[in-house]
>>> print(open('upload_20.cif').read())   # mmCIF, C-alpha atoms
data_input
loop_
_atom_site.group_PDB
_atom_site.id
_atom_site.type_symbol
_atom_site.label_atom_id
_atom_site.label_comp_id
_atom_site.auth_asym_id
_atom_site.auth_seq_id
_atom_site.Cartn_x
_atom_site.Cartn_y
_atom_site.Cartn_z
ATOM 1 C CA MET E 12 177.545 -8.058 -39.310
ATOM 2 C CA MET E 13 175.711 -10.949 -37.672
ATOM 3 C CA VAL E 14 172.367 -9.437 -38.743
ATOM 4 C CA VAL E 15 173.506 -8.912 -42.337
ATOM 5 C CA ARG E 16 174.836 -12.471 -42.639
ATOM 6 C CA LYS E 17 171.587 -13.901 -41.290
ATOM 7 C CA VAL E 18 169.390 -11.860 -43.625
ATOM 8 C CA ILE E 19 171.510 -12.585 -46.705
ATOM 9 C CA SER E 20 171.623 -16.324 -46.024
ATOM 10 C CA LEU E 21 167.850 -16.495 -45.517
ATOM 11 C CA LEU E 22 167.098 -14.428 -48.619
ATOM 12 C CA ALA E 23 169.455 -16.642 -50.643
ATOM 13 C CA GLU E 24 167.418 -19.658 -49.495
ATOM 14 C CA GLY E 25 164.217 -18.033 -50.762
ATOM 15 C CA VAL E 26 162.814 -16.858 -47.434
ATOM 16 C CA ARG E 27 160.584 -13.796 -47.784
ATOM 17 C CA ASP E 28 161.980 -10.427 -46.700
ATOM 18 C CA GLY E 29 159.661 -9.997 -43.696
ATOM 19 C CA ALA E 30 160.415 -13.452 -42.321
ATOM 20 C CA ALA E 31 164.158 -12.877 -42.791
ATOM 21 C CA ALA E 32 163.915 -9.582 -40.865
ATOM 22 C CA ARG E 33 162.015 -11.248 -38.011
ATOM 23 C CA ALA E 34 164.534 -14.107 -37.844
ATOM 24 C CA ALA E 35 167.445 -11.630 -37.754
ATOM 25 C CA SER E 36 165.727 -9.715 -34.966
ATOM 26 C CA ASP E 37 165.217 -12.871 -32.909
ATOM 27 C CA LEU E 38 168.846 -13.900 -33.484
ATOM 28 C CA LEU E 39 170.150 -10.501 -32.340
ATOM 29 C CA PHE E 40 167.884 -10.540 -29.283
ATOM 30 C CA THR E 41 168.992 -14.061 -28.337
ATOM 31 C CA GLU E 42 172.707 -13.540 -28.956
ATOM 32 C CA LYS E 43 172.928 -10.173 -27.167
ATOM 33 C CA GLN E 44 170.199 -10.738 -24.508
ATOM 34 C CA GLY E 45 168.233 -7.703 -25.689
ATOM 35 C CA LYS E 46 171.087 -5.269 -24.935
ATOM 36 C CA VAL E 47 172.035 -4.434 -28.536
ATOM 37 C CA SER E 48 169.834 -3.013 -31.259
ATOM 38 C CA SER E 49 170.230 -2.469 -34.963
ATOM 39 C CA THR E 50 168.298 -0.828 -37.746
ATOM 40 C CA LEU E 51 167.489 -2.954 -40.759
ATOM 41 C CA ASN E 52 166.383 -1.998 -44.270
ATOM 42 C CA ILE E 53 165.773 -4.544 -47.020
ATOM 43 C CA ILE E 54 164.856 -3.396 -50.515
ATOM 44 C CA SER E 55 163.754 -5.896 -53.148
ATOM 45 C CA VAL E 56 162.330 -5.617 -56.620
ATOM 46 C CA ASP E 57 159.636 -8.248 -57.110
ATOM 47 C CA LEU E 58 159.438 -8.834 -60.848
ATOM 48 C CA HIS E 59 156.428 -11.127 -60.405
ATOM 49 C CA THR E 60 154.235 -8.448 -58.783
ATOM 50 C CA GLY E 61 155.952 -5.477 -60.449
ATOM 51 C CA THR E 62 156.628 -3.812 -57.106
ATOM 52 C CA VAL E 63 159.518 -2.585 -55.012
ATOM 53 C CA VAL E 64 159.247 -4.151 -51.556
ATOM 54 C CA LEU E 65 160.722 -2.193 -48.649
ATOM 55 C CA THR E 66 161.095 -4.101 -45.390
ATOM 56 C CA ARG E 67 162.117 -1.803 -42.562
ATOM 57 C CA ASN E 68 162.995 -1.982 -38.906
ATOM 58 C CA ASN E 69 164.236 1.571 -38.848
ATOM 59 C CA PRO E 70 162.699 4.668 -37.235
ATOM 60 C CA ALA E 71 164.221 6.842 -39.981
ATOM 61 C CA PRO E 72 161.770 7.674 -42.767
ATOM 62 C CA PHE E 73 162.370 6.863 -46.414
ATOM 63 C CA PHE E 74 161.619 8.871 -49.519
ATOM 64 C CA ILE E 75 159.769 8.065 -52.710
ATOM 65 C CA ALA E 76 160.209 10.476 -55.611
ATOM 66 C CA HIS E 77 158.397 10.350 -58.908
ATOM 67 C CA GLY E 78 158.383 13.282 -61.280
ATOM 68 C CA ASP E 79 158.365 16.508 -59.277
ATOM 69 C CA ARG E 80 156.839 14.927 -56.174
ATOM 70 C CA VAL E 81 158.870 13.748 -53.167
ATOM 71 C CA ASP E 82 156.999 11.865 -50.442
ATOM 72 C CA CYS E 83 158.388 11.212 -46.982
ATOM 73 C CA ILE E 84 157.156 7.879 -45.641
ATOM 74 C CA SER E 85 157.537 7.793 -41.896
ATOM 75 C CA ASP E 86 155.405 4.855 -40.804
ATOM 76 C CA GLU E 87 156.354 3.995 -37.237
ATOM 77 C CA SER E 88 159.017 1.306 -37.223
ATOM 78 C CA VAL E 89 161.205 -0.045 -34.426
ATOM 79 C CA GLN E 90 164.769 -1.302 -34.386
ATOM 80 C CA ILE E 91 165.520 -4.987 -34.020
ATOM 81 C CA GLY E 92 167.227 -6.674 -31.090
ATOM 82 C CA PHE E 93 165.397 -5.313 -28.040
ATOM 83 C CA SER E 94 162.596 -7.899 -27.967
ATOM 84 C CA ARG E 95 161.374 -11.089 -29.564
ATOM 85 C CA ASN E 96 158.894 -11.079 -32.423
ATOM 86 C CA THR E 97 159.698 -7.569 -33.609
ATOM 87 C CA ARG E 98 157.847 -7.139 -36.878
ATOM 88 C CA PRO E 99 159.080 -5.031 -39.775
ATOM 89 C CA ILE E 100 157.030 -2.447 -41.645
ATOM 90 C CA ILE E 101 156.564 -3.587 -45.234
ATOM 91 C CA SER E 102 155.744 -1.159 -48.042
ATOM 92 C CA GLU E 103 155.110 -2.063 -51.680
ATOM 93 C CA ILE E 104 155.509 0.538 -54.398
ATOM 94 C CA PRO E 105 154.651 -0.109 -58.061
ATOM 95 C CA VAL E 106 157.701 -0.193 -60.342
ATOM 96 C CA GLU E 107 157.468 2.700 -62.811
ATOM 97 C CA ALA E 108 160.069 4.465 -64.919
ATOM 98 C CA GLY E 109 161.358 7.519 -63.077
ATOM 99 C CA LEU E 110 160.702 6.114 -59.596
ATOM 100 C CA VAL E 111 163.417 6.997 -57.060
ATOM 101 C CA ILE E 112 163.540 5.457 -53.581
ATOM 102 C CA VAL E 113 166.016 6.608 -50.927
ATOM 103 C CA ILE E 114 166.499 4.661 -47.699
ATOM 104 C CA TYR E 115 169.202 5.262 -45.127
ATOM 105 C CA THR E 116 170.382 4.688 -41.587
ATOM 106 C CA ASP E 117 169.870 7.074 -38.694
ATOM 107 C CA GLY E 118 173.345 8.548 -39.158
ATOM 108 C CA LEU E 119 171.888 10.656 -41.958
ATOM 109 C CA VAL E 120 169.030 11.828 -39.717
ATOM 110 C CA HIS E 121 171.450 12.882 -36.968
ATOM 111 C CA ALA E 122 173.911 14.612 -39.309
ATOM 112 C CA GLY E 123 174.515 18.182 -38.184
ATOM 113 C CA SER E 124 172.516 17.846 -34.963
ATOM 114 C CA ARG E 125 175.653 18.048 -32.814
ATOM 115 C CA VAL E 126 176.355 21.568 -34.099
ATOM 116 C CA GLY E 127 172.751 22.727 -34.393
ATOM 117 C CA ARG E 128 172.450 22.296 -38.178
ATOM 118 C CA PRO E 129 170.236 19.228 -38.634
ATOM 119 C CA MET E 130 170.029 17.795 -42.104
ATOM 120 C CA ASP E 131 166.760 18.110 -44.029
ATOM 121 C CA VAL E 132 166.923 15.068 -46.288
ATOM 122 C CA CYS E 133 163.653 15.886 -48.070
ATOM 123 C CA THR E 134 164.738 19.407 -49.043
ATOM 124 C CA SER E 135 168.149 18.158 -50.198
ATOM 125 C CA LEU E 136 166.628 15.377 -52.278
ATOM 126 C CA LYS E 137 163.998 17.653 -53.821
ATOM 127 C CA ALA E 138 166.658 20.224 -54.774
ATOM 128 C CA MET E 139 168.747 17.532 -56.488
ATOM 129 C CA LEU E 140 165.797 16.141 -58.411
ATOM 130 C CA ASP E 141 164.486 19.598 -59.410
ATOM 131 C CA ASP E 142 167.820 20.746 -60.829
ATOM 132 C CA GLN E 143 168.760 17.685 -62.848
ATOM 133 C CA ASP E 144 168.231 13.990 -63.484
ATOM 134 C CA PRO E 145 170.919 12.606 -61.160
ATOM 135 C CA SER E 146 172.059 9.008 -61.173
ATOM 136 C CA PRO E 147 171.442 6.906 -58.053
ATOM 137 C CA GLN E 148 175.175 7.142 -57.306
ATOM 138 C CA ALA E 149 175.097 10.940 -57.562
ATOM 139 C CA ILE E 150 172.125 11.115 -55.182
ATOM 140 C CA ALA E 151 173.806 8.869 -52.596
ATOM 141 C CA ASP E 152 177.127 10.706 -52.913
ATOM 142 C CA ALA E 153 175.475 14.128 -52.516
ATOM 143 C CA LEU E 154 173.507 13.081 -49.422
ATOM 144 C CA LEU E 155 176.593 11.520 -47.828
ATOM 145 C CA SER E 156 178.718 14.549 -48.662
ATOM 146 C CA GLU E 157 176.168 16.939 -47.161
ATOM 147 C CA ALA E 158 175.922 14.841 -43.998
ATOM 148 C CA VAL E 159 179.696 14.742 -43.524
ATOM 149 C CA THR E 160 179.928 18.495 -44.165
ATOM 150 C CA LEU E 161 177.198 19.193 -41.583
ATOM 151 C CA ASP E 162 179.168 17.091 -39.091
ATOM 152 C CA ASP E 163 182.320 19.137 -39.802
ATOM 153 C CA GLY E 164 184.023 16.142 -41.394
ATOM 154 C CA ARG E 165 183.485 13.929 -38.325
ATOM 155 C CA PRO E 166 180.208 11.986 -38.650
ATOM 156 C CA VAL E 167 178.465 11.367 -35.330
ATOM 157 C CA ASP E 168 177.234 7.953 -36.452
ATOM 158 C CA ASP E 169 177.697 5.436 -39.248
ATOM 159 C CA ILE E 170 175.814 6.484 -42.368
ATOM 160 C CA SER E 171 174.516 4.205 -45.108
ATOM 161 C CA VAL E 172 172.411 5.381 -48.050
ATOM 162 C CA VAL E 173 170.726 3.171 -50.653
ATOM 163 C CA VAL E 174 169.183 4.724 -53.750
ATOM 164 C CA LEU E 175 167.075 2.775 -56.203
ATOM 165 C CA LYS E 176 166.111 4.449 -59.453
ATOM 166 C CA VAL E 177 163.966 2.845 -62.126
ATOM 167 C CA LEU E 178 165.038 3.795 -65.645
ATOM 168 C CA LYS E 179 163.471 3.036 -68.993
ATOM 169 C CA ARG E 180 165.034 -0.023 -70.563
ATOM 170 C CA ARG E 181 167.942 0.696 -72.896
ATOM 171 C CA GLY E 182 170.373 -1.696 -74.471
ATOM 172 C CA ASP E 183 170.620 -5.371 -73.578
ATOM 173 C CA ASN E 184 168.703 -7.338 -70.964
ATOM 174 C CA ALA E 185 171.689 -7.850 -68.662
ATOM 175 C CA ARG E 186 171.145 -6.969 -65.000
ATOM 176 C CA ARG E 187 173.952 -4.979 -63.434
ATOM 177 C CA MET E 188 174.756 -3.893 -59.899
ATOM 178 C CA SER E 189 177.595 -1.749 -58.653
ATOM 179 C CA VAL E 190 178.997 -1.956 -55.130
ATOM 180 C CA ARG E 191 182.007 -0.100 -53.705
ATOM 181 C CA LEU E 192 183.572 -0.919 -50.353
ATOM 182 C CA PRO E 193 186.429 1.031 -48.789
ATOM 183 C CA ILE E 194 189.102 -1.388 -47.636
ATOM 184 C CA ASP E 195 192.275 -0.441 -45.829
ATOM 185 C CA LEU E 196 194.939 -2.972 -46.722
ATOM 186 C CA MET E 197 197.559 -3.637 -44.081
ATOM 187 C CA ARG E 198 201.120 -3.649 -45.358
#
>>> encode(input="upload_20.cif", output="structure tokens")
Amino acid sequence: MMVVRKVISLLAEGVRDGAAARAASDLLFTEKQGKVSSTLNIISVDLHTGTVVLTRNNPAPFFIAHGDRVDCISDESVQIGFSRNTRPIISEIPVEAGLVIVIYTDGLVHAGSRVGRPMDVCTSLKAMLDDQDPSPQAIADALLSEAVTLDDGRPVDDISVVVLKVLKRRGDNARRMSVRLPIDLMR
């Protein structure tokens, strides 16, 4: 949570994604003396340049889908927290209608490995996109569901999935975002 708070506060102040990732890495290294690591993914849409900016400190690949093509981008990237001056990998992708980007934590990569059924994220994503035009929520839900199923209902690791899908403009110019958080309320 310390990493997330740091990144969000820096981004809110106007700090660029890469600098925010480096600052969060240095903070984690300093606070935990290099004994704790974390993966970090930041996804931004830069309306000035017309690009999606992915800032990653995560060995897990990410996927870009457009039309019937799904590309796995696996540029080497390291987690934050183990050393000072850890730099993120930054990728810029032009914003185009139909673009789908899927980023996730390593829990998705490790899904099913405990029981010898590792998850193939690329094949799963391609099958979803070939069969239909799923919403970003449907893509995330399907990937999470498959991962939990492969882990026999007991995920080995935390799993987070973020899906960005660029749609043709319809309706008003309002920007909308949907976030759901499971909260257990104590009685």
>>> atom_distance(input="upload_20.cif", atom1="CA of Val47 (chain E)", atom2="CA of Ser171 (chain E)")
18.9 Å
>>> closest_atom_pairs(input="upload_20.cif", of="region 67-178 of chain E", to="region 21-42 of chain E", cutoff="12 Å", atoms="all atoms listed in the file", output="JSON lines")
{"residue": "E:Arg67", "atom": "CA", "partner": "E:Ala32", "partner_atom": "CA", "distance": 8.2}
{"residue": "E:Asn68", "atom": "CA", "partner": "E:Ala32", "partner_atom": "CA", "distance": 7.9}
{"residue": "E:Asn69", "atom": "CA", "partner": "E:Ala32", "partner_atom": "CA", "distance": 11.3}
{"residue": "E:Val89", "atom": "CA", "partner": "E:Ser36", "partner_atom": "CA", "distance": 10.7}
{"residue": "E:Gln90", "atom": "CA", "partner": "E:Ser36", "partner_atom": "CA", "distance": 8.5}
{"residue": "E:Ile91", "atom": "CA", "partner": "E:Ser36", "partner_atom": "CA", "distance": 4.8}
{"residue": "E:Gly92", "atom": "CA", "partner": "E:Phe40", "partner_atom": "CA", "distance": 4.3}
{"residue": "E:Phe93", "atom": "CA", "partner": "E:Phe40", "partner_atom": "CA", "distance": 5.9}
{"residue": "E:Ser94", "atom": "CA", "partner": "E:Phe40", "partner_atom": "CA", "distance": 6.1}
{"residue": "E:Arg95", "atom": "CA", "partner": "E:Asp37", "partner_atom": "CA", "distance": 5.4}
{"residue": "E:Asn96", "atom": "CA", "partner": "E:Arg33", "partner_atom": "CA", "distance": 6.4}
{"residue": "E:Thr97", "atom": "CA", "partner": "E:Arg33", "partner_atom": "CA", "distance": 6.2}
{"residue": "E:Arg98", "atom": "CA", "partner": "E:Arg33", "partner_atom": "CA", "distance": 6.0}
{"residue": "E:Pro99", "atom": "CA", "partner": "E:Gly29", "partner_atom": "CA", "distance": 6.4}
{"residue": "E:Ile100", "atom": "CA", "partner": "E:Gly29", "partner_atom": "CA", "distance": 8.3}
{"residue": "E:Ile101", "atom": "CA", "partner": "E:Gly29", "partner_atom": "CA", "distance": 7.3}
{"residue": "E:Ser102", "atom": "CA", "partner": "E:Gly29", "partner_atom": "CA", "distance": 10.6}
{"residue": "E:Glu103", "atom": "CA", "partner": "E:Asp28", "partner_atom": "CA", "distance": 11.9}
>>> atom_distance(input="upload_20.cif", atom1="CA of Gly118 (chain E)", atom2="CA of Val167 (chain E)")
7.0 Å
>>> atom_distance(input="upload_20.cif", atom1="CA of Asp131 (chain E)", atom2="CA of Ser189 (chain E)")
26.9 Å
>>> resolve_selection(input="upload_20.cif", expression="the PyMOL selection byres ((chain E and resi 168) around 12)", output="list in words")
Thr116, Asp117, Gly118, Leu119, Val120, His121, Ala122, Gly123, Ser124, Arg125, Leu155, Ala158, Val159, Asp162, Gly164, Arg165, Pro166, Val167, Asp169, Ile170 and Ser171 of chain E
>>> closest_residue(input="upload_20.cif", among="E:Val126, E:Val174, E:Ile194, E:Ile150", to="Phe73 (chain E)", atoms="all atoms listed in the file")
E:Val174
>>> closest_residue(input="upload_20.cif", among="E:Pro105, E:Gly182, E:Pro70, E:Gly78", to="Val56 (chain E)", atoms="all atoms listed in the file")
E:Pro105
